[in-house]
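Trainee: File run-v8.cif below, mmCIF, C-alpha atoms:
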data_upload
#
loop_
_atom_site.label_atom_id
_atom_site.label_comp_id
_atom_site.auth_asym_id
_atom_site.auth_seq_id
_atom_site.Cartn_x
_atom_site.Cartn_y
_atom_site.Cartn_z
CA MET Q 1 0.00 0.00 0.00
CA CYS Q 2 2.79 2.41 0.84
CA GLY Q 3 4.39 1.86 -2.55
CA GLU Q 4 1.09 2.28 -4.34
CA HIS Q 5 0.33 5.44 -2.36
CA ALA Q 6 3.69 6.98 -3.25
CA GLU Q 7 3.27 6.06 -6.90
CA GLU Q 8 -0.20 7.56 -6.99
CA HIS Q 9 0.99 10.95 -5.74
CA GLN Q 10 4.26 11.14 -7.67
CA PRO Q 11 2.90 13.28 -10.56
CA ALA Q 12 1.53 15.83 -8.10
CA VAL Q 13 4.96 16.18 -6.45
CA HIS Q 14 6.57 16.81 -9.82
CA GLY Q 15 3.87 19.36 -10.60
CA VAL Q 16 4.53 21.30 -7.40
CA ALA Q 17 8.28 21.24 -8.02
CA ALA Q 18 7.84 22.48 -11.57
CA CYS Q 19 5.56 25.27 -10.38
CA ALA Q 20 8.07 26.31 -7.71
CA ARG Q 21 10.87 26.28 -10.28
CA ARG Q 22 8.89 28.59 -12.56
CA ARG Q 23 8.37 31.00 -9.66
CA VAL Q 24 12.11 31.07 -8.94
CA ARG Q 25 12.95 31.84 -12.56
CA SER Q 26 11.80 35.46 -12.47
CA ARG Q 27 13.74 38.20 -14.18
CA VAL Q 28 16.73 39.96 -12.65
CA VAL Q 29 16.82 43.75 -12.43
CA ILE Q 30 20.34 45.19 -12.39
CA THR Q 31 20.55 48.70 -11.04
CA GLY Q 32 22.69 50.92 -8.84
CA TRP Q 33 25.49 53.38 -9.36
CA ASP Q 34 27.23 53.67 -12.69
CA ALA Q 35 30.89 52.61 -13.06
CA SER Q 36 30.20 49.92 -10.44
CA GLY Q 37 30.13 46.73 -12.51
CA SER Q 38 26.46 46.68 -13.53
CA THR Q 39 27.29 46.12 -17.20
CA CYS Q 40 29.34 43.03 -16.38
CA VAL Q 41 26.57 41.75 -14.10
CA TYR Q 42 24.11 42.24 -16.96
CA GLN Q 43 26.38 40.25 -19.28
CA ILE Q 44 26.66 37.44 -16.73
CA ALA Q 45 22.88 37.29 -16.24
CA LYS Q 46 22.29 37.16 -20.00
CA ALA Q 47 24.95 34.48 -20.44
CA LEU Q 48 23.15 32.39 -17.82
CA GLY Q 49 19.97 32.65 -19.88
CA LEU Q 50 18.13 35.02 -17.56
CA GLU Q 51 15.81 37.83 -18.53
CA ALA Q 52 17.92 40.82 -17.48
CA VAL Q 53 16.93 44.47 -17.21
CA LYS Q 54 19.59 47.11 -16.53
CA SER Q 55 18.94 50.68 -15.43
CA HIS Q 56 20.88 53.17 -13.31
CA SER Q 57 17.63 54.72 -12.17
CA LEU Q 58 15.90 52.58 -9.57
CA PRO Q 59 13.11 50.82 -11.51
CA ARG Q 60 9.82 49.73 -10.03
CA ALA Q 61 10.49 46.06 -9.42
CA ARG Q 62 7.76 43.51 -10.01
CA ARG Q 63 6.83 41.25 -7.11
CA ARG Q 64 8.84 38.32 -8.47
CA ASP Q 65 11.87 40.34 -9.53
CA PHE Q 66 15.27 39.79 -7.98
CA THR Q 67 17.27 43.03 -7.88
CA ILE Q 68 21.05 43.40 -7.88
CA PHE Q 69 22.15 46.85 -6.73
CA CYS Q 70 25.76 47.58 -7.72
CA TYR Q 71 27.78 50.12 -5.78
CA ARG Q 72 31.35 51.25 -5.36
CA ASP Q 73 33.45 53.84 -3.57
CA PRO Q 74 31.83 57.08 -4.84
CA ARG Q 75 35.26 58.68 -5.17
CA ASP Q 76 36.32 56.09 -7.75
CA ILE Q 77 33.03 56.52 -9.60
CA ILE Q 78 33.73 60.24 -9.88
CA VAL Q 79 37.20 59.59 -11.31
CA SER Q 80 35.93 56.94 -13.72
CA ASN Q 81 33.18 59.16 -15.10
CA ALA Q 82 35.47 62.17 -15.31
CA ARG Q 83 37.81 60.14 -17.51
CA ARG Q 84 35.24 58.47 -19.75
CA VAL Q 85 31.96 60.43 -19.75
CA HIS Q 86 33.68 63.82 -19.59
CA ARG Q 87 36.77 62.76 -21.52
CA GLU Q 88 36.82 65.84 -23.75
CA MET Q 89 36.57 68.19 -20.77
CA TRP Q 90 39.37 66.27 -19.04
CA GLN Q 91 41.58 66.80 -22.08
CA SER Q 92 40.63 70.41 -22.85
CA GLU Q 93 39.99 71.96 -19.43
CA GLY Q 94 41.93 69.64 -17.16
CA PRO Q 95 41.12 66.90 -14.63
CA GLU Q 96 39.68 69.17 -11.95
CA ALA Q 97 36.96 70.51 -14.25
CA ALA Q 98 35.99 66.99 -15.35
CA LEU Q 99 36.06 65.69 -11.77
CA GLY Q 100 33.79 68.52 -10.68
CA ARG Q 101 31.32 67.74 -13.46
CA ALA Q 102 31.35 64.03 -12.58
CA LEU Q 103 30.64 64.90 -8.94
CA ASP Q 104 27.74 67.08 -10.07
CA ASP Q 105 26.39 64.12 -12.05
CA PHE Q 106 26.59 61.80 -9.05
CA LEU Q 107 24.68 64.25 -6.88
CA HIS Q 108 22.13 65.04 -9.60
CA ASN Q 109 21.33 61.34 -10.01
CA ASP Q 110 20.44 61.16 -6.31
CA TYR Q 111 22.40 57.94 -5.99
CA VAL Q 112 22.74 58.03 -2.21
CA ALA Q 113 18.97 58.16 -1.68
CA ALA Q 114 18.50 55.36 -4.24
CA LEU Q 115 20.91 53.15 -2.28
CA TYR Q 116 18.98 53.54 0.95
CA ARG Q 117 15.57 53.21 -0.74
CA SER Q 118 16.61 49.97 -2.38
CA ALA Q 119 17.25 48.43 1.05
CA GLU Q 120 13.47 48.41 1.51
CA MET Q 121 12.91 46.19 -1.53
CA ALA Q 122 11.80 42.61 -0.94
CA LYS Q 123 14.49 40.77 -2.92
CA VAL Q 124 17.69 42.75 -3.34
CA PHE Q 125 21.37 41.82 -3.32
CA PHE Q 126 23.90 44.59 -2.83
CA MET Q 127 26.95 43.93 -4.96
CA ARG Q 128 30.05 45.73 -3.73
CA TYR Q 129 32.36 46.31 -6.68
CA GLU Q 130 35.57 45.95 -4.69
CA THR Q 131 34.50 42.53 -3.37
CA TYR Q 132 33.62 40.88 -6.66
CA PHE Q 133 35.59 42.58 -9.42
CA SER Q 134 39.16 41.88 -8.46
CA GLU Q 135 39.49 38.12 -8.07
CA ASN Q 136 35.98 37.00 -7.15
CA ARG Q 137 33.96 37.42 -10.33
CA GLY Q 138 33.55 33.65 -10.48
CA VAL Q 139 31.88 33.74 -7.07
CA LEU Q 140 29.43 36.30 -8.45
CA ILE Q 141 28.59 34.00 -11.36
CA ASP Q 142 28.00 31.14 -8.92
CA MET Q 143 25.81 33.31 -6.69
CA ILE Q 144 23.55 34.40 -9.55
CA ALA Q 145 23.30 30.87 -10.95
CA ASP Q 146 22.53 29.40 -7.52
CA ASN Q 147 19.89 32.02 -6.76
CA PHE Q 148 17.97 31.04 -9.90
CA LEU Q 149 18.58 27.28 -9.50
CA LEU Q 150 20.57 27.21 -12.73
CA PRO Q 151 22.95 24.28 -13.27
CA LEU Q 152 26.42 25.44 -14.23
CA THR Q 153 29.24 23.24 -15.50
CA ARG Q 154 32.88 24.14 -14.99
CA GLU Q 155 33.25 24.61 -18.72
CA ARG Q 156 30.29 26.97 -18.95
CA ARG Q 157 31.48 28.93 -15.93
CA ALA Q 158 34.93 29.32 -17.48
CA GLN Q 159 33.38 30.49 -20.76
CA ILE Q 160 31.27 33.13 -19.00
CA LEU Q 161 34.34 34.31 -17.08
CA ALA Q 162 36.23 34.72 -20.35
CA ASP Q 163 33.37 36.38 -22.22
CA THR Q 164 32.74 38.94 -19.45
CA SER Q 165 36.38 39.58 -18.56
CA LEU Q 166 37.96 43.01 -18.41
CA GLU Q 167 40.04 42.15 -21.45
CA SER Q 168 37.01 41.09 -23.51
CA ASN Q 169 35.12 44.24 -22.60
CA ILE Q 170 38.11 46.46 -23.37
CA ALA Q 171 38.27 44.83 -26.81
CA ARG Q 172 34.56 45.55 -27.33
CA SER Q 173 35.00 49.13 -26.16
CA GLN Q 174 37.88 49.77 -28.55
CA LYS Q 175 35.60 49.08 -31.52
CA LEU Q 176 33.38 52.02 -30.57
CA SER Q 177 34.12 55.67 -31.22
CA GLY Q 178 33.21 57.26 -27.89
CA PHE Q 179 31.19 56.95 -24.71
CA GLN Q 180 28.01 58.09 -26.44
CA THR Q 181 28.12 55.00 -28.67
CA TRP Q 182 27.47 51.53 -27.32
CA CYS Q 183 26.89 47.92 -28.28
CA ALA Q 184 23.23 46.97 -27.83
CA ASP Q 185 24.11 43.35 -27.06
CA SER Q 186 26.86 43.79 -24.45
CA LEU Q 187 25.91 47.36 -23.34
CA ILE Q 188 29.58 48.32 -23.56
CA HIS Q 189 30.30 51.96 -24.47
CA GLY Q 190 33.29 53.43 -26.20
CA HIS Q 191 35.95 54.36 -23.60
CA HIS Q 192 33.88 52.28 -21.18
CA ILE Q 193 36.82 51.16 -19.03
CA SER Q 194 38.94 54.06 -17.88
CA ASN Q 195 41.35 52.61 -15.32
CA PHE Q 196 41.35 48.84 -15.94
CA GLY Q 197 38.98 48.33 -13.02
CA VAL Q 198 41.53 49.47 -10.42
CA SER Q 199 40.17 50.87 -7.16
CA GLY Q 200 41.68 53.84 -5.34
CA ALA Q 201 42.41 56.02 -8.38
CA TRP Q 202 40.89 58.99 -6.54
CA LYS Q 203 44.00 59.13 -4.34
CA GLU Q 204 46.05 60.13 -7.37
CA CYS Q 205 43.46 62.33 -9.06
CA PHE Q 206 41.64 64.36 -6.43
CA THR Q 207 42.75 67.94 -5.97
CA PRO Q 208 42.20 69.59 -2.58
CA ALA Q 209 39.23 71.50 -4.02
CA ILE Q 210 37.52 68.32 -5.25
CA GLU Q 211 38.32 66.57 -1.99
CA ARG Q 212 36.64 69.33 0.00
CA ARG Q 213 33.50 69.14 -2.15
CA VAL Q 214 33.30 65.35 -1.89
CA LYS Q 215 33.70 65.51 1.89
CA ALA Q 216 30.96 68.11 2.16
CA CYS Q 217 28.52 66.13 0.03
CA LEU Q 218 29.35 62.44 0.39
CA ASP Q 219 31.23 61.89 3.65
CA GLY Q 220 28.21 60.26 5.28
CA VAL Q 221 27.73 57.51 2.72
CA ILE Q 222 31.49 56.95 2.32
CA ILE Q 223 31.71 56.21 6.04
CA ASP Q 224 28.41 54.27 6.15
CA LEU Q 225 29.68 51.91 3.45
CA GLY Q 226 32.98 51.38 5.23
CA TYR Q 227 35.27 53.04 2.71
CA GLU Q 228 36.53 55.27 5.51
CA ARG Q 229 36.17 55.11 9.28
CA THR Q 230 36.35 58.82 10.03
CA PRO Q 231 35.99 62.11 8.12
CA ASP Q 232 39.76 62.63 8.34
CA TRP Q 233 40.54 60.83 5.08
CA SER Q 234 42.65 62.59 2.50
CA ALA Q 235 44.34 61.92 -0.79
CA GLY Q 236 47.43 63.22 0.97
CA ARG Q 237 48.51 65.33 -1.96
CA PRO Q 238 49.58 68.94 -1.36
CA GLY Q 239 48.96 71.70 -3.85
CA GLU Q 240 46.06 72.36 -6.17
CA SER Q 241 46.75 69.85 -8.93
CA ALA Q 242 47.24 66.12 -9.22
CA PRO Q 243 49.30 64.23 -11.83
CA CYS Q 244 46.39 62.00 -12.81
#
If you convert what's in this file into structure tokens, what do you get?
Mentor:
Amino acid sequence: MCGEHAEEHQPAVHGVAACARRRVRSRVVITGWDASGSTCVYQIAKALGLEAVKSHSLPRARRRDFTIFCYRDPRDIIVSNARRVHREMWQSEGPEAALGRALDDFLHNDYVAALYRSAEMAKVFFMRYETYFSENRGVLIDMIADNFLLPLTRERRAQILADTSLESNIARSQKLSGFQTWCADSLIHGHHISNFGVSGAWKECFTPAIERRVKACLDGVIIDLGYERTPDWSAGRPGESAPC
């Protein structure tokens, strides 16, 4: 009787499992601060076969959506965008002008408020750039695959690592004429990668004037996120210019 009972209910068990699996396979929304790895996360999600949506403005997530919010030291974001988005200003007016414009952009986008608002979302993973984009990108691939119950062979994992590598994305970027042009498939822009993904470039690029502005506007979130412990941080560079 026990065997017959189990056999009788086996199709129902499979049906429940299939239904649960469909619920898990919702789309992934990739958002957060620019210059923080969101394009690479988008590429990984697409390579895993997921429906991926990428936006730097915080989208209204559907109930089943899983959101990945990418963030990074705001000081490095400012340097990255000064070099790539405001590349012409950097070259014609100097680094300080471009850095100031990039800081204005960061503040205008209201990124700090978006970070704290996203913490109230039901299913959100905060991806810290410095944790995953040095030597741990493979862990990020595993995390996304595991979250969506996606099987992943070693060979497939290695292929995704290669296809979404810094070198592959630099090669894609070099085929484009400038930051205002991009590849619709990979979402890579021209001049997309400005400092080979290195963190801490602000220490070489910030002038005292930019440092003062950043402290006045962003000290709270820099300390909240653990990039500094106290407001006493400094690039440690005297004078009014930096050899960046």
Trainee: Quick one: distance from CA of Val29 in chain Q to CA of Ile68 in chain Q in Å, one decimal?
Mentor: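 That distance, rounded to one decimal, is 6.2 Å.
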Trainee: Need the shell around Arg212 in chain Q: protein/DNA/RNA residues with any atom at most 12 Å away, counting all atoms listed in the file. Skip same-chain ones fewer than 3 positions apart. Format as a PDB file with C-alpha atoms, in the coordinates of the input?
Mentor:
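And here is the file that came out, part.pdb:
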ATOM      1  CA  ARG Q  75      35.260  58.680  -5.170  1.00  0.00           C
ATOM      2  CA  GLY Q 100      33.790  68.520 -10.680  1.00  0.00           C
ATOM      3  CA  LEU Q 103      30.640  64.900  -8.940  1.00  0.00           C
ATOM      4  CA  PHE Q 206      41.640  64.360  -6.430  1.00  0.00           C
ATOM      5  CA  THR Q 207      42.750  67.940  -5.970  1.00  0.00           C
ATOM      6  CA  PRO Q 208      42.200  69.590  -2.580  1.00  0.00           C
ATOM      7  CA  ALA Q 209      39.230  71.500  -4.020  1.00  0.00           C
ATOM      8  CA  LYS Q 215      33.700  65.510   1.890  1.00  0.00           C
ATOM      9  CA  ALA Q 216      30.960  68.110   2.160  1.00  0.00           C
ATOM     10  CA  CYS Q 217      28.520  66.130   0.030  1.00  0.00           C
ATOM     11  CA  LEU Q 218      29.350  62.440   0.390  1.00  0.00           C
ATOM     12  CA  ASP Q 219      31.230  61.890   3.650  1.00  0.00           C
ATOM     13  CA  PRO Q 231      35.990  62.110   8.120  1.00  0.00           C
ATOM     14  CA  ASP Q 232      39.760  62.630   8.340  1.00  0.00           C
ATOM     15  CA  TRP Q 233      40.540  60.830   5.080  1.00  0.00           C
ATOM     16  CA  SER Q 234      42.650  62.590   2.500  1.00  0.00           C
ATOM     17  CA  ALA Q 235      44.340  61.920  -0.790  1.00  0.00           C
ATOM     18  CA  GLU Q 240      46.060  72.360  -6.170  1.00  0.00           C
TER      19      GLU Q 240
END
Trainee: Give me the residues within 10 Å of range 107-115 of chain Q as a list in words, counting all atoms listed in the file and dropping any in the same chain fewer than 4 places off.
Mentor: Thr31, Gly32, Trp33, Asp34, His56, Ser57, Leu58, Phe69, Cys70, Tyr71, Pro74, Arg101, Ala102, Leu103, Ala119, Glu120, Phe126, Cys217, Leu218, Gly220, Val221 and Ile222 of chain Q
Trainee: Report, in Å with one decimal, the straight-line distance from CA of Ala35 in chain Q to CA of Asp65 in chain Q.
Mentor: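 Between CA of Ala35 in chain Q and CA of Asp65 in chain Q the gap works out to 22.9 Å.
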Trainee: Record the distance separating CA of Arg229 in chain Q and CA of Val124 in chain Q, expressed in Å with one decimal.
Mentor: 25.6 Å
Trainee: Taking into account only C-alpha atoms, which residue in the set Q:Gly94, Q:Ser36, Q:Glu167, Q:Cys183 is nearest to Ser80 in chain Q?
Mentor: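 Looking at the shortest contact to Ser80 in chain Q, the residue is Q:Ser36.
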Trainee: Between Q:Leu140, Q:Phe66, Q:Ala122, Q:Tyr132, which is the closest to Ile160 in chain Q once you count all atoms listed in the file?
Mentor: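 For Ile160 in chain Q, the nearest of the given residues is Q:Leu140.
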Trainee: Quick one: of Q:Val41, Q:Ala145, Q:Ala82, Q:Ala201, who's nearest to Asp104 in chain Q, counting all atoms listed in the file?
Mentor: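 Closest candidate: Q:Ala82.
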Trainee: Can you work out which one of Q:Ser165, Q:Ser173, Q:Ser92, Q:Ser134 has the shortest atom-to-atom distance to Ser199 in chain Q, counting all atoms listed in the file?
Mentor: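 Using all atoms listed in the file, Ser199 in chain Q sits closest to Q:Ser134.
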Trainee: Taking all atoms listed in the file into account, which of Q:Leu152, Q:Ile223, Q:Cys205, Q:Ala162 comes nearest Asp76 in chain Q?
Mentor: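 Closest to Asp76 in chain Q, using all atoms listed in the file: Q:Cys205.
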Trainee: For the provided coordinates, the residues matched by the PyMOL selection byres ((chain Q and resi 51) around 6) should be stated as a list in words.
Mentor: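 Selected by the PyMOL selection byres ((chain Q and resi 51) around 6) in this file: Arg27, Leu50 and Ala52 of chain Q.
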Trainee: How about completing range 143-154 of chain Q with N, CA and C atoms and giving it to me as a CSV table (one decimal), in the frame of the given file?
Mentor:
chain,number,residue,atom,x,y,z
Q,143,MET,N,26.9,32.8,-7.5
Q,143,MET,CA,25.8,33.3,-6.7
Q,143,MET,C,24.6,33.5,-7.5
Q,144,ILE,N,24.7,34.1,-8.7
Q,144,ILE,CA,23.6,34.4,-9.6
Q,144,ILE,C,22.9,33.1,-10.0
Q,145,ALA,N,23.8,32.2,-10.5
Q,145,ALA,CA,23.3,30.9,-11.0
Q,145,ALA,C,22.6,30.1,-9.8
Q,146,ASP,N,23.1,30.1,-8.6
Q,146,ASP,CA,22.5,29.4,-7.5
Q,146,ASP,C,21.2,30.0,-7.1
Q,147,ASN,N,21.1,31.3,-7.2
Q,147,ASN,CA,19.9,32.0,-6.8
Q,147,ASN,C,18.7,31.6,-7.7
Q,148,PHE,N,19.0,31.4,-8.9
Q,148,PHE,CA,18.0,31.0,-9.9
Q,148,PHE,C,17.9,29.5,-10.2
Q,149,LEU,N,18.6,28.7,-9.4
Q,149,LEU,CA,18.6,27.3,-9.5
Q,149,LEU,C,19.0,26.8,-10.9
Q,150,LEU,N,20.1,27.5,-11.4
Q,150,LEU,CA,20.6,27.2,-12.7
Q,150,LEU,C,21.8,26.3,-12.6
Q,151,PRO,N,21.8,25.1,-13.3
Q,151,PRO,CA,23.0,24.3,-13.3
Q,151,PRO,C,24.1,24.9,-14.1
Q,152,LEU,N,25.3,24.8,-13.6
Q,152,LEU,CA,26.4,25.4,-14.2
Q,152,LEU,C,27.6,24.5,-14.2
Q,153,THR,N,28.1,24.1,-15.4
Q,153,THR,CA,29.2,23.2,-15.5
Q,153,THR,C,30.5,24.1,-15.4
Q,154,ARG,N,31.6,23.4,-15.1
Q,154,ARG,CA,32.9,24.1,-15.0
Q,154,ARG,C,33.2,24.8,-16.3
